[in-house]
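> File follows, query_14.pdb with PDB, C-alpha atoms (C1' of nucleotides):
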```pdb
ATOM      1  CA  MET A 703     107.108 146.486  78.724
ATOM      2  CA  LYS A 704     108.361 144.349  75.880
ATOM      3  CA  ILE A 705     108.209 140.636  75.409
ATOM      4  CA  GLY A 706     111.609 139.930  76.886
ATOM      5  CA  GLU A 707     110.843 141.458  80.245
ATOM      6  CA  LEU A 708     107.385 139.937  80.312
ATOM      7  CA  ALA A 709     108.797 136.520  79.676
ATOM      8  CA  ARG A 710     111.469 136.884  82.304
ATOM      9  CA  ARG A 711     108.989 138.091  84.900
ATOM     10  CA  ALA A 712     106.525 135.332  84.106
ATOM     11  CA  GLY A 713     109.265 132.734  84.033
ATOM     12  CA  VAL A 714     108.695 131.470  80.521
ATOM     13  CA  ALA A 715     110.433 131.685  77.163
ATOM     14  CA  PRO A 716     109.522 134.588  74.880
ATOM     15  CA  ARG A 717     108.748 131.956  72.315
ATOM     16  CA  LEU A 718     105.915 130.719  74.496
ATOM     17  CA  VAL A 719     104.417 134.142  74.901
ATOM     18  CA  ARG A 720     104.120 134.396  71.131
ATOM     19  CA  TYR A 721     102.711 130.909  71.013
ATOM     20  CA  TYR A 722     100.069 131.725  73.598
ATOM     21  CA  GLU A 723      99.130 134.797  71.628
ATOM     22  CA  GLN A 724      98.870 132.710  68.507
ATOM     23  CA  GLN A 725      96.505 130.396  70.380
ATOM     24  CA  GLY A 726      94.316 133.339  71.304
ATOM     25  CA  LEU A 727      95.193 133.263  74.988
ATOM     26  CA  LEU A 728      96.681 136.691  74.916
ATOM     27  CA  VAL A 729      96.254 139.940  73.065
ATOM     28  CA  ALA A 730      99.201 142.247  72.688
ATOM     29  CA  ASP A 731      99.213 145.887  71.780
ATOM     30  CA  ARG A 732     101.824 146.886  69.288
ATOM     31  CA  ALA A 733     104.155 149.818  69.493
ATOM     32  CA  ALA A 734     104.869 151.895  66.401
ATOM     33  CA  ASN A 735     107.833 149.647  65.648
ATOM     34  CA  GLY A 736     105.720 146.549  65.660
ATOM     35  CA  TYR A 737     107.048 145.414  69.032
ATOM     36  CA  ARG A 738     104.508 143.818  71.326
ATOM     37  CA  THR A 739     103.852 145.836  74.473
ATOM     38  CA  TYR A 740     102.509 144.421  77.705
ATOM     39  CA  SER A 741     101.095 145.611  81.007
ATOM     40  CA  ASP A 742     101.773 144.314  84.499
ATOM     41  CA  ASP A 743      98.513 142.411  84.391
ATOM     42  CA  ASP A 744      99.811 140.466  81.436
ATOM     43  CA  VAL A 745     102.616 139.084  83.593
ATOM     44  CA  GLU A 746     100.016 137.593  85.878
ATOM     45  CA  ARG A 747      98.018 136.295  82.965
ATOM     46  CA  VAL A 748     100.984 134.642  81.330
ATOM     47  CA  SER A 749     102.020 133.060  84.608
ATOM     48  CA  ARG A 750      98.585 131.615  85.037
ATOM     49  CA  VAL A 751      98.466 130.318  81.496
ATOM     50  CA  ALA A 752     101.817 128.635  81.916
ATOM     51  CA  GLY A 753     100.701 127.053  85.151
ATOM     52  CA  MET A 754      97.530 125.729  83.623
ATOM     53  CA  VAL A 755      99.392 124.324  80.670
ATOM     54  CA  ARG A 756     101.796 122.583  83.015
ATOM     55  CA  ALA A 757      98.819 121.202  84.898
ATOM     56  CA  GLY A 758      97.615 119.541  81.735
ATOM     57  CA  ILE A 759      94.789 121.879  80.814
ATOM     58  CA  PRO A 760      94.633 122.181  77.031
ATOM     59  CA  THR A 761      94.963 125.666  75.604
ATOM     60  CA  ARG A 762      91.462 125.579  74.163
ATOM     61  CA  LEU A 763      90.027 125.176  77.633
ATOM     62  CA  ILE A 764      92.404 127.705  79.134
ATOM     63  CA  LYS A 765      91.009 130.272  76.769
ATOM     64  CA  VAL A 766      87.425 129.836  77.879
ATOM     65  CA  LEU A 767      88.449 129.607  81.531
ATOM     66  CA  LEU A 768      90.247 132.914  81.427
ATOM     67  CA  ASP A 769      87.401 134.496  79.525
ATOM     68  CA  MET A 770      84.967 133.200  82.085
ATOM     69  CA  GLU A 771      86.902 134.695  84.938
ATOM     70  CA  THR A 772      86.851 138.159  83.484
ATOM     71  CA  THR A 773      83.397 138.281  81.945
ATOM     72  CA  SER A 774      81.223 136.242  84.291
ATOM     73  CA  ARG A 775      81.930 138.530  87.215
ATOM     74  CA  SER A 776      79.453 141.045  85.923
ATOM     75  CA  GLU A 777      77.468 139.911  82.963
ATOM     76  CA  ALA A 778      74.660 137.478  82.699
ATOM     77  CA  PRO A 779      76.311 134.172  81.958
ATOM     78  CA  THR A 780      75.492 133.484  78.362
ATOM     79  CA  CYS A 781      75.509 129.790  78.871
ATOM     80  CA  PRO A 782      73.633 127.700  76.373
ATOM     81  CA  ARG A 783      72.851 124.247  77.595
ATOM     82  CA  THR A 784      75.492 122.517  75.494
ATOM     83  CA  VAL A 785      78.277 124.769  76.715
ATOM     84  CA  ALA A 786      77.289 124.179  80.307
ATOM     85  CA  GLU A 787      77.393 120.465  79.736
ATOM     86  CA  MET A 788      80.842 120.722  78.274
ATOM     87  CA  LEU A 789      81.999 122.696  81.266
ATOM     88  CA  ALA A 790      80.528 120.137  83.616
ATOM     89  CA  ALA A 791      82.484 117.449  81.825
ATOM     90  CA  GLU A 792      85.687 119.435  82.071
ATOM     91  CA  LEU A 793      84.993 119.963  85.738
ATOM     92  CA  VAL A 794      84.933 116.241  86.301
ATOM     93  CA  GLY A 795      88.187 115.884  84.411
ATOM     94  CA  ILE A 796      89.816 118.559  86.511
ATOM     95  CA  GLU A 797      88.618 117.010  89.729
ATOM     96  CA  ASP A 798      90.109 113.716  88.627
ATOM     97  CA  LYS A 799      93.396 115.415  87.959
ATOM     98  CA  ILE A 800      93.364 117.015  91.378
ATOM     99  CA  ALA A 801      92.725 113.653  92.965
ATOM    100  CA  CYS A 802      95.617 112.051  91.102
ATOM    101  CA  LEU A 803      97.967 114.862  91.938
ATOM    102  CA  SER A 804      96.952 114.905  95.588
ATOM    103  CA  ARG A 805      97.702 111.263  95.885
ATOM    104  CA  SER A 806     101.079 111.689  94.222
ATOM    105  CA  ARG A 807     101.812 114.609  96.490
ATOM    106  CA  ASP A 808     101.052 112.522  99.530
ATOM    107  CA  THR A 809     103.254 109.737  98.261
ATOM    108  CA  ILE A 810     106.196 112.029  97.798
ATOM    109  CA  ARG A 811     105.693 113.674 101.175
ATOM    110  CA  ASP A 812     105.493 110.271 102.725
ATOM    111  CA  VAL A 813     108.777 109.152 101.281
ATOM    112  CA  LEU A 814     110.483 112.401 102.113
ATOM    113  CA  THR A 815     109.423 112.296 105.739
ATOM    114  CA  ARG A 816     110.372 108.653 106.105
ATOM    115  CA  THR A 817     113.722 109.273 104.578
ATOM    116  CA  GLU A 818     114.522 111.552 107.475
ATOM    117  CA  GLN A 819     115.213 114.369 105.144
ATOM    118  CA  ALA A 820     111.916 115.988 105.829
ATOM    119  CA  ALA A 821     113.653 119.332 105.872
ATOM    120  CA  LEU A 822     113.555 119.329 102.100
ATOM    121  CA  ILE A 823     109.803 119.690 102.090
ATOM    122  CA  SER A 824     109.728 123.123 103.630
ATOM    123  CA  GLU A 825     113.001 123.886 101.909
ATOM    124  CA  GLY A 826     111.363 123.351  98.572
ATOM    125  CA  ALA A 827     108.349 125.412  99.483
ATOM    126  CA  ALA A 828     110.552 128.244 100.611
ATOM    127  CA  ALA A 829     112.507 128.132  97.375
ATOM    128  CA  ARG A 830     109.501 129.526  95.622
TER     129      ARG A 830
ATOM    130  CA  MET B 488      92.798  88.655  81.423
ATOM    131  CA  LYS B 489      94.048  89.848  78.076
ATOM    132  CA  ILE B 490      94.899  93.310  76.935
ATOM    133  CA  GLY B 491      91.515  94.069  75.442
ATOM    134  CA  GLU B 492      89.603  93.517  78.640
ATOM    135  CA  LEU B 493      92.215  95.312  80.689
ATOM    136  CA  ALA B 494      92.019  98.320  78.417
ATOM    137  CA  ARG B 495      88.261  98.377  78.479
ATOM    138  CA  ARG B 496      88.136  98.118  82.244
ATOM    139  CA  ALA B 497      90.754 100.799  82.698
ATOM    140  CA  GLY B 498      89.112 103.012  80.128
ATOM    141  CA  VAL B 499      92.062 103.394  77.792
ATOM    142  CA  ALA B 500      93.080 102.156  74.366
ATOM    143  CA  PRO B 501      94.979  98.877  74.167
ATOM    144  CA  ARG B 502      97.602 100.820  72.286
ATOM    145  CA  LEU B 503      98.281 102.830  75.408
ATOM    146  CA  VAL B 504      98.717  99.786  77.564
ATOM    147  CA  ARG B 505     101.471  98.612  75.246
ATOM    148  CA  TYR B 506     102.963 102.069  75.270
ATOM    149  CA  TYR B 507     103.019 102.189  79.058
ATOM    150  CA  GLU B 508     104.702  98.825  79.123
ATOM    151  CA  GLN B 509     107.273 100.063  76.649
ATOM    152  CA  GLN B 510     107.930 103.000  78.963
ATOM    153  CA  GLY B 511     108.559 100.645  81.835
ATOM    154  CA  LEU B 512     105.411 101.552  83.730
ATOM    155  CA  LEU B 513     104.007  98.086  83.510
ATOM    156  CA  VAL B 514     105.205  94.521  83.336
ATOM    157  CA  ALA B 515     103.067  91.916  81.657
ATOM    158  CA  ASP B 516     103.246  88.171  81.929
ATOM    159  CA  ARG B 517     102.945  86.320  78.675
ATOM    160  CA  ALA B 518     100.764  83.324  77.977
ATOM    161  CA  ALA B 519     102.066  80.466  75.866
ATOM    162  CA  ASN B 520     100.711  82.154  72.763
ATOM    163  CA  GLY B 521     102.637  85.317  73.464
ATOM    164  CA  TYR B 522      99.530  87.193  74.544
ATOM    165  CA  ARG B 523      99.973  89.551  77.465
ATOM    166  CA  THR B 524      98.085  88.470  80.574
ATOM    167  CA  TYR B 525      97.034  90.791  83.356
ATOM    168  CA  SER B 526      95.667  90.631  86.867
ATOM    169  CA  ASP B 527      92.943  92.701  88.481
ATOM    170  CA  ASP B 528      95.577  94.813  90.160
ATOM    171  CA  ASP B 529      96.858  95.816  86.758
ATOM    172  CA  VAL B 530      93.520  97.415  85.972
ATOM    173  CA  GLU B 531      93.998  99.688  88.954
ATOM    174  CA  ARG B 532      97.578 100.407  88.006
ATOM    175  CA  VAL B 533      96.735 101.302  84.434
ATOM    176  CA  SER B 534      93.909 103.544  85.581
ATOM    177  CA  ARG B 535      96.253 105.365  87.881
ATOM    178  CA  VAL B 536      98.904 105.760  85.222
ATOM    179  CA  ALA B 537      96.384 107.159  82.774
ATOM    180  CA  GLY B 538      95.128 109.587  85.374
ATOM    181  CA  MET B 539      98.590 110.808  86.196
ATOM    182  CA  VAL B 540      99.434 111.246  82.556
ATOM    183  CA  ARG B 541      96.285 113.272  82.074
ATOM    184  CA  ALA B 542      97.255 115.354  85.075
ATOM    185  CA  GLY B 543     100.476 116.295  83.363
ATOM    186  CA  ILE B 544     102.896 114.084  85.255
ATOM    187  CA  PRO B 545     105.596 112.884  82.874
ATOM    188  CA  THR B 546     105.992 109.141  82.510
ATOM    189  CA  ARG B 547     109.489 109.198  83.956
ATOM    190  CA  LEU B 548     108.142 110.567  87.199
ATOM    191  CA  ILE B 549     105.148 108.267  87.181
ATOM    192  CA  LYS B 550     107.502 105.339  87.151
ATOM    193  CA  VAL B 551     109.336 106.374  90.280
ATOM    194  CA  LEU B 552     106.104 107.377  92.013
ATOM    195  CA  LEU B 553     104.532 104.000  91.479
ATOM    196  CA  ASP B 554     107.708 102.260  92.534
ATOM    197  CA  MET B 555     107.805 104.353  95.669
ATOM    198  CA  GLU B 556     104.267 103.426  96.598
ATOM    199  CA  THR B 557     104.912  99.716  96.432
ATOM    200  CA  THR B 558     108.424  99.537  97.859
ATOM    201  CA  SER B 559     108.518 102.264 100.470
ATOM    202  CA  ARG B 560     105.711 100.689 102.459
ATOM    203  CA  SER B 561     108.079  98.208 103.956
ATOM    204  CA  GLU B 562     111.686  98.777 103.083
ATOM    205  CA  ALA B 563     114.090 101.350 104.280
ATOM    206  CA  PRO B 564     113.828 104.186 101.807
ATOM    207  CA  THR B 565     116.994 104.038  99.798
ATOM    208  CA  CYS B 566     117.052 107.726  99.254
ATOM    209  CA  PRO B 567     120.342 109.350  98.405
ATOM    210  CA  ARG B 568     120.398 113.037  99.019
ATOM    211  CA  THR B 569     120.188 114.009  95.353
ATOM    212  CA  VAL B 570     117.141 111.872  94.727
ATOM    213  CA  ALA B 571     115.392 113.378  97.719
ATOM    214  CA  GLU B 572     116.100 116.844  96.400
ATOM    215  CA  MET B 573     114.664 115.952  93.052
ATOM    216  CA  LEU B 574     111.550 114.624  94.705
ATOM    217  CA  ALA B 575     111.207 117.791  96.734
ATOM    218  CA  ALA B 576     111.361 119.789  93.515
ATOM    219  CA  GLU B 577     108.710 117.619  91.908
ATOM    220  CA  LEU B 578     106.591 118.039  94.990
ATOM    221  CA  VAL B 579     106.611 121.783  94.551
ATOM    222  CA  GLY B 580     105.654 121.388  90.907
ATOM    223  CA  ILE B 581     102.767 119.122  91.805
ATOM    224  CA  GLU B 582     101.530 121.521  94.448
ATOM    225  CA  ASP B 583     101.575 124.288  91.876
ATOM    226  CA  LYS B 584      99.520 122.164  89.547
ATOM    227  CA  ILE B 585      97.007 121.443  92.263
ATOM    228  CA  ALA B 586      96.678 125.136  92.977
ATOM    229  CA  CYS B 587      96.093 125.946  89.310
ATOM    230  CA  LEU B 588      93.556 123.194  88.920
ATOM    231  CA  SER B 589      91.719 124.113  92.103
ATOM    232  CA  ARG B 590      91.350 127.638  90.912
ATOM    233  CA  SER B 591      90.056 126.493  87.556
ATOM    234  CA  ARG B 592      87.685 124.109  89.246
ATOM    235  CA  ASP B 593      86.288 126.924  91.342
ATOM    236  CA  THR B 594      85.869 129.106  88.292
ATOM    237  CA  ILE B 595      83.886 126.470  86.476
ATOM    238  CA  ARG B 596      81.740 125.712  89.490
ATOM    239  CA  ASP B 597      81.101 129.386  89.867
ATOM    240  CA  VAL B 598      79.881 129.790  86.352
ATOM    241  CA  LEU B 599      77.787 126.660  86.480
ATOM    242  CA  THR B 600      76.018 127.713  89.647
ATOM    243  CA  ARG B 601      75.402 131.207  88.373
ATOM    244  CA  THR B 602      74.050 129.913  85.142
ATOM    245  CA  GLU B 603      71.224 128.314  87.049
ATOM    246  CA  GLN B 604      72.123 124.961  85.692
ATOM    247  CA  ALA B 605      73.803 123.915  88.862
ATOM    248  CA  ALA B 606      72.241 120.510  88.459
ATOM    249  CA  LEU B 607      74.975 119.656  85.994
ATOM    250  CA  ILE B 608      77.578 119.710  88.735
ATOM    251  CA  SER B 609      76.213 116.740  90.605
ATOM    252  CA  GLU B 610      75.059 115.260  87.337
ATOM    253  CA  GLY B 611      78.620 115.197  86.139
ATOM    254  CA  ALA B 612      79.872 113.733  89.382
ATOM    255  CA  ALA B 613      77.258 111.016  89.240
ATOM    256  CA  ALA B 614      78.223 110.173  85.686
ATOM    257  CA  ARG B 615      81.448 108.722  87.005
TER     258      ARG B 615
ATOM    259  C1'  DC C 107      86.193  74.310  58.678
ATOM    260  C1'  DT C 108      85.670  79.127  58.245
ATOM    261  C1'  DA C 109      84.837  83.769  59.333
ATOM    262  C1'  DA C 110      85.135  87.272  62.730
ATOM    263  C1'  DA C 111      87.283  89.252  66.517
ATOM    264  C1'  DG C 112      91.314  89.867  69.265
ATOM    265  C1'  DT C 113      96.472  89.973  69.676
ATOM    266  C1'  DT C 114     101.266  90.470  68.205
ATOM    267  C1'  DT C 115     105.049  93.594  66.476
ATOM    268  C1'  DG C 116     106.463  97.411  63.885
ATOM    269  C1'  DA C 117     106.198 101.406  61.197
ATOM    270  C1'  DC C 118     104.300 105.789  60.196
ATOM    271  C1'  DA C 119     101.255 109.954  61.176
ATOM    272  C1'  DT C 120      99.556 113.352  64.162
ATOM    273  C1'  DT C 121      98.782 116.711  67.834
ATOM    274  C1'  DG C 122     100.207 120.013  71.328
ATOM    275  C1'  DA C 123     103.796 122.395  73.440
ATOM    276  C1'  DT C 124     108.417 123.982  72.783
ATOM    277  C1'  DG C 125     113.179 124.592  71.074
ATOM    278  C1'  DT C 126     115.980 126.428  67.517
ATOM    279  C1'  DC C 127     117.500 128.829  63.585
ATOM    280  C1'  DA C 128     117.493 132.245  59.913
ATOM    281  C1'  DA C 129     116.874 136.669  57.928
ATOM    282  C1'  DT C 130     115.609 141.109  58.964
ATOM    283  C1'  DG C 131     114.350 145.338  61.671
ATOM    284  C1'  DT C 132     114.963 148.516  65.832
ATOM    285  C1'  DC C 133     117.126 150.749  69.475
ATOM    286  C1'  DA C 134     120.528 152.249  72.887
ATOM    287  C1'  DA C 135     125.367 152.893  73.973
ATOM    288  C1'  DG C 136     130.089 153.724  72.712
TER     289       DG C 136
ATOM    290  C1'  DC D  62     128.118 155.066  62.377
ATOM    291  C1'  DT D  63     128.717 150.629  64.260
ATOM    292  C1'  DT D  64     128.046 147.056  67.428
ATOM    293  C1'  DG D  65     125.283 144.336  70.421
ATOM    294  C1'  DA D  66     121.002 143.261  72.575
ATOM    295  C1'  DC D  67     116.362 142.526  71.678
ATOM    296  C1'  DA D  68     112.214 142.107  68.349
ATOM    297  C1'  DT D  69     109.823 140.402  64.270
ATOM    298  C1'  DT D  70     108.042 136.467  61.375
ATOM    299  C1'  DG D  71     108.349 131.950  59.578
ATOM    300  C1'  DA D  72     110.136 127.536  58.919
ATOM    301  C1'  DC D  73     111.782 123.409  60.660
ATOM    302  C1'  DA D  74     112.896 120.132  64.582
ATOM    303  C1'  DT D  75     111.739 117.751  68.702
ATOM    304  C1'  DC D  76     109.354 115.264  72.397
ATOM    305  C1'  DA D  77     105.615 112.884  74.631
ATOM    306  C1'  DA D  78     101.367 110.779  74.042
ATOM    307  C1'  DT D  79      98.304 108.649  70.787
ATOM    308  C1'  DG D  80      96.074 107.197  66.564
ATOM    309  C1'  DT D  81      96.280 104.208  62.694
ATOM    310  C1'  DC D  82      97.464 100.704  59.613
ATOM    311  C1'  DA D  83      99.583  96.375  58.014
ATOM    312  C1'  DA D  84     100.772  91.552  58.097
ATOM    313  C1'  DA D  85     100.685  87.485  60.643
ATOM    314  C1'  DC D  86      98.904  84.488  64.318
ATOM    315  C1'  DT D  87      95.269  82.791  67.849
ATOM    316  C1'  DT D  88      91.004  82.114  69.563
ATOM    317  C1'  DT D  89      86.071  82.019  69.537
ATOM    318  C1'  DA D  90      81.630  81.624  67.378
ATOM    319  C1'  DG D  91      78.861  79.720  63.913
TER     320       DG D  91
END
```
Once more with this new file: its structure as C-alpha cells, please.

Amino acid sequence: MKIGELARRAGVAPRLVRYYEQQGLLVADRAANGYRTYSDDDVERVSRVAGMVRAGIPTRLIKVLLDMETTSRSEAPTCPRTVAEMLAAELVGIEDKIACLSRSRDTIRDVLTRTEQAALISEGAAAR
Amino acid sequence: MKIGELARRAGVAPRLVRYYEQQGLLVADRAANGYRTYSDDDVERVSRVAGMVRAGIPTRLIKVLLDMETTSRSEAPTCPRTVAEMLAAELVGIEDKIACLSRSRDTIRDVLTRTEQAALISEGAAAR
DNA sequence: CTAAAGTTTGACATTGATGTCAATGTCAAG
DNA sequence: CTTGACATTGACATCAATGTCAAACTTTAG
C-alpha cells in the first residue's frame, strides 16, 4: 500500500510517516516510481510510534525500543553496561510518567462520576 | 521560600517555574522586594506539573486537572455537558498513553532481566 | 563597603513534532 | 490527452517547552 492509505489506517498525517522515516523509525521500500510502499505490519508499527510519541517518549528512545522488541526475542542481548544503565534510567522515567498519568486518569474519572454523567466514561471507551 | 529553593526542591529550572506561572499553572505571592515567595505545597505542585508535562499532558489540560483536584473535593462539580465530554475524550487519550508506556516499560524490563543485569532495575528505582 | 549569588523582566534561540506550501512527477478515469 | 487525486522532495512556519543572555536590583557573605 502507499503512504496515503497507511496514514489513514494508522490515523496520522502522511507528513508524519515521512518524518518518522526520516528519524529512522521506519524503513520503506520503494516502488519503481519512487513511491513508498508499505505492508500491513507497518500500519501497526506506525500506530505504535504515534502512540509513543503522544505519550511523551522521544523518537530517539522509540527507535531503540522498537528495535529491542524485534531483536531481543531471539538473539543474545548485546547489552554493554552503559546501554543497560541508560535503559534503566529511561525505565524510571517511564514509570514516573505512568504514575502521573494514572493519577490524572483517576482525577478525571472521579469528576466524571461525581458529575452524574458517568455514562461518558464507557461512552468514550466505546468510541474507540 | 524563594524561587531558587523551590526549583531545586522540585527538581526543575527556575526558568520553568516562571514559565508555569505565566501559563497560569501557578500563582506566586510577592515579597516587598518583588521576589516570588512560595510555600511547601508549591513544591509538590511544581513537581506534579513537571511530571505531567513530561508525560505529555499539555499545559492547558494540566491547568484544569489541578483545578479539578482542589475544587471538586468539596464543591458541586460545575460540569456543563460539553466540558464533561471533553474530559471523557482526554481520559481516553490518557488511557492510551498509559497503555503505550506500560508496554514500553515491559519491553525495557524484559531486556534488562535477560541481559543478566537485572540489578539495574531495582538500582534505578532506589536512585529515586 | 564590596563582591558574589540570587532575583526580576524581557528578548532571543533552540529543539522536537507538525502543519503548510510549492514545484514536480505518476497514475487512473473520463 | 487531460484532469484530478496522490506522491515526491524541500523549504519555511508554527507551537510548546526550555535554554540562555542581558541589564538592573536585592540580599548575603566576607
> Take the PyMOL selection byres ((chain A and resi 805-808) around 9), apply it to the structure above, and return the hits as number ranges by chain.
A: 800-804, 809-813; B: 539, 549, 552-553, 577-579, 581-582
> What does chain B look like after a least-squares fit onto chain A on every Cα paired in order, written as a short mmCIF file (atom, residue, chain, number, x, y, z; two decimals) with C-alpha atoms, in the frame of the given file?

```cif
data_model
loop_
_atom_site.label_atom_id
_atom_site.label_comp_id
_atom_site.auth_asym_id
_atom_site.auth_seq_id
_atom_site.Cartn_x
_atom_site.Cartn_y
_atom_site.Cartn_z
CA MET B 488 107.08 146.41 78.89
CA LYS B 489 108.39 144.32 76.05
CA ILE B 490 108.23 140.61 75.53
CA GLY B 491 111.61 139.87 77.05
CA GLU B 492 110.81 141.38 80.41
CA LEU B 493 107.35 139.87 80.43
CA ALA B 494 108.77 136.44 79.76
CA ARG B 495 111.40 136.79 82.42
CA ARG B 496 108.91 137.97 85.00
CA ALA B 497 106.46 135.22 84.15
CA GLY B 498 109.19 132.63 84.09
CA VAL B 499 108.67 131.39 80.56
CA ALA B 500 110.44 131.64 77.22
CA PRO B 501 109.55 134.56 74.97
CA ARG B 502 108.79 131.96 72.35
CA LEU B 503 105.94 130.71 74.49
CA VAL B 504 104.43 134.12 74.91
CA ARG B 505 104.19 134.41 71.14
CA TYR B 506 102.77 130.93 70.97
CA TYR B 507 100.09 131.73 73.53
CA GLU B 508 99.17 134.81 71.58
CA GLN B 509 98.93 132.75 68.43
CA GLN B 510 96.57 130.41 70.26
CA GLY B 511 94.36 133.32 71.20
CA LEU B 512 95.21 133.23 74.89
CA LEU B 513 96.70 136.66 74.86
CA VAL B 514 96.32 139.94 73.03
CA ALA B 515 99.26 142.26 72.74
CA ASP B 516 99.32 145.92 71.88
CA ARG B 517 101.97 146.94 69.42
CA ALA B 518 104.31 149.89 69.73
CA ALA B 519 105.12 152.00 66.69
CA ASN B 520 108.07 149.75 65.94
CA GLY B 521 105.90 146.67 65.86
CA TYR B 522 107.19 145.45 69.20
CA ARG B 523 104.61 143.84 71.46
CA THR B 524 103.91 145.84 74.61
CA TYR B 525 102.50 144.38 77.79
CA SER B 526 101.06 145.53 81.08
CA ASP B 527 101.68 144.21 84.57
CA ASP B 528 98.43 142.31 84.40
CA ASP B 529 99.78 140.38 81.45
CA VAL B 530 102.55 139.00 83.63
CA GLU B 531 99.91 137.48 85.88
CA ARG B 532 97.95 136.19 82.93
CA VAL B 533 100.94 134.54 81.31
CA SER B 534 101.94 132.95 84.60
CA ARG B 535 98.49 131.51 84.98
CA VAL B 536 98.40 130.21 81.44
CA ALA B 537 101.76 128.52 81.87
CA GLY B 538 100.62 126.95 85.10
CA MET B 539 97.45 125.61 83.55
CA VAL B 540 99.33 124.21 80.61
CA ARG B 541 101.72 122.47 82.96
CA ALA B 542 98.74 121.09 84.84
CA GLY B 543 97.53 119.43 81.67
CA ILE B 544 94.71 121.78 80.74
CA PRO B 545 94.55 122.07 76.96
CA THR B 546 94.89 125.55 75.52
CA ARG B 547 91.39 125.49 74.09
CA LEU B 548 89.96 125.10 77.56
CA ILE B 549 92.34 127.62 79.06
CA LYS B 550 90.97 130.19 76.69
CA VAL B 551 87.39 129.77 77.79
CA LEU B 552 88.39 129.56 81.45
CA LEU B 553 90.22 132.85 81.35
CA ASP B 554 87.39 134.45 79.44
CA MET B 555 84.94 133.19 82.01
CA GLU B 556 86.92 134.67 84.86
CA THR B 557 86.94 138.14 83.39
CA THR B 558 83.46 138.30 81.89
CA SER B 559 81.31 136.30 84.26
CA ARG B 560 82.09 138.59 87.17
CA SER B 561 79.61 141.10 85.93
CA GLU B 562 77.58 139.97 82.98
CA ALA B 563 74.78 137.53 82.76
CA PRO B 564 76.40 134.22 81.96
CA THR B 565 75.55 133.54 78.37
CA CYS B 566 75.52 129.85 78.87
CA PRO B 567 73.61 127.74 76.41
CA ARG B 568 72.78 124.32 77.69
CA THR B 569 75.37 122.52 75.59
CA VAL B 570 78.19 124.74 76.75
CA ALA B 571 77.22 124.20 80.36
CA GLU B 572 77.29 120.46 79.83
CA MET B 573 80.72 120.65 78.33
CA LEU B 574 81.93 122.66 81.29
CA ALA B 575 80.45 120.13 83.68
CA ALA B 576 82.38 117.41 81.88
CA GLU B 577 85.60 119.38 82.09
CA LEU B 578 84.93 119.95 85.75
CA VAL B 579 84.86 116.23 86.36
CA GLY B 580 88.10 115.82 84.45
CA ILE B 581 89.77 118.52 86.51
CA GLU B 582 88.58 116.98 89.75
CA ASP B 583 90.06 113.68 88.65
CA LYS B 584 93.35 115.38 87.97
CA ILE B 585 93.33 116.99 91.38
CA ALA B 586 92.71 113.64 93.00
CA CYS B 587 95.59 112.03 91.11
CA LEU B 588 97.94 114.85 91.93
CA SER B 589 96.95 114.93 95.59
CA ARG B 590 97.70 111.28 95.90
CA SER B 591 101.06 111.70 94.24
CA ARG B 592 101.81 114.65 96.44
CA ASP B 593 101.08 112.59 99.52
CA THR B 594 103.28 109.79 98.28
CA ILE B 595 106.22 112.10 97.77
CA ARG B 596 105.73 113.78 101.12
CA ASP B 597 105.56 110.40 102.72
CA VAL B 598 108.83 109.28 101.28
CA LEU B 599 110.55 112.55 102.05
CA THR B 600 109.51 112.48 105.68
CA ARG B 601 110.49 108.87 106.10
CA THR B 602 113.82 109.47 104.53
CA GLU B 603 114.67 111.77 107.39
CA GLN B 604 115.30 114.58 105.02
CA ALA B 605 112.01 116.18 105.75
CA ALA B 606 113.74 119.53 105.72
CA LEU B 607 113.58 119.47 101.95
CA ILE B 608 109.82 119.82 102.02
CA SER B 609 109.79 123.28 103.50
CA GLU B 610 113.02 124.03 101.72
CA GLY B 611 111.32 123.43 98.43
CA ALA B 612 108.32 125.50 99.40
CA ALA B 613 110.55 128.36 100.45
CA ALA B 614 112.41 128.21 97.16
CA ARG B 615 109.33 129.59 95.46
#
```
> Please build the interface table for chain D against chain B with a cut-off of 9 Å, listing for each qualifying residue the nearest atom pair and the distance in Å to one decimal; count all atoms listed in the file, order rows by chain and increasing number, and write it as JSON lines.

```
{"residue": "D:DA77", "atom": "C1'", "partner": "B:Pro545", "partner_atom": "CA", "distance": 8.2}
{"residue": "D:DA78", "atom": "C1'", "partner": "B:Leu503", "partner_atom": "CA", "distance": 8.6}
{"residue": "D:DT79", "atom": "C1'", "partner": "B:Leu503", "partner_atom": "CA", "distance": 7.4}
{"residue": "D:DG80", "atom": "C1'", "partner": "B:Arg502", "partner_atom": "CA", "distance": 8.7}
{"residue": "D:DC86", "atom": "C1'", "partner": "B:Asn520", "partner_atom": "CA", "distance": 8.9}
{"residue": "D:DT87", "atom": "C1'", "partner": "B:Asn520", "partner_atom": "CA", "distance": 7.4}
```
> I need the chain B residues near chain C as a PyMOL selection string; criterion: at most 12 Å, counting all atoms listed in the file.
chain B and resi 489-492+501-502+505+517-518+520-524
> Deliver the residues from the most recent selection as a file, using C-alpha atoms, as an mmCIF file, in the coordinates of the input.

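Wrote it out as result-v5.cif, contents follow:
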```cif
data_model
loop_
_atom_site.group_PDB
_atom_site.id
_atom_site.type_symbol
_atom_site.label_atom_id
_atom_site.label_comp_id
_atom_site.auth_asym_id
_atom_site.auth_seq_id
_atom_site.Cartn_x
_atom_site.Cartn_y
_atom_site.Cartn_z
ATOM 1 C CA LYS B 489 94.048 89.848 78.076
ATOM 2 C CA ILE B 490 94.899 93.310 76.935
ATOM 3 C CA GLY B 491 91.515 94.069 75.442
ATOM 4 C CA GLU B 492 89.603 93.517 78.640
ATOM 5 C CA PRO B 501 94.979 98.877 74.167
ATOM 6 C CA ARG B 502 97.602 100.820 72.286
ATOM 7 C CA ARG B 505 101.471 98.612 75.246
ATOM 8 C CA ARG B 517 102.945 86.320 78.675
ATOM 9 C CA ALA B 518 100.764 83.324 77.977
ATOM 10 C CA ASN B 520 100.711 82.154 72.763
ATOM 11 C CA GLY B 521 102.637 85.317 73.464
ATOM 12 C CA TYR B 522 99.530 87.193 74.544
ATOM 13 C CA ARG B 523 99.973 89.551 77.465
ATOM 14 C CA THR B 524 98.085 88.470 80.574
#
```
> CA of Arg495 in chain B and C1' of DA90 in chain D, how far apart in Å?
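About the pair C1' of DA90 in chain D and CA of Arg495 in chain B: they are 21.2 Å apart.
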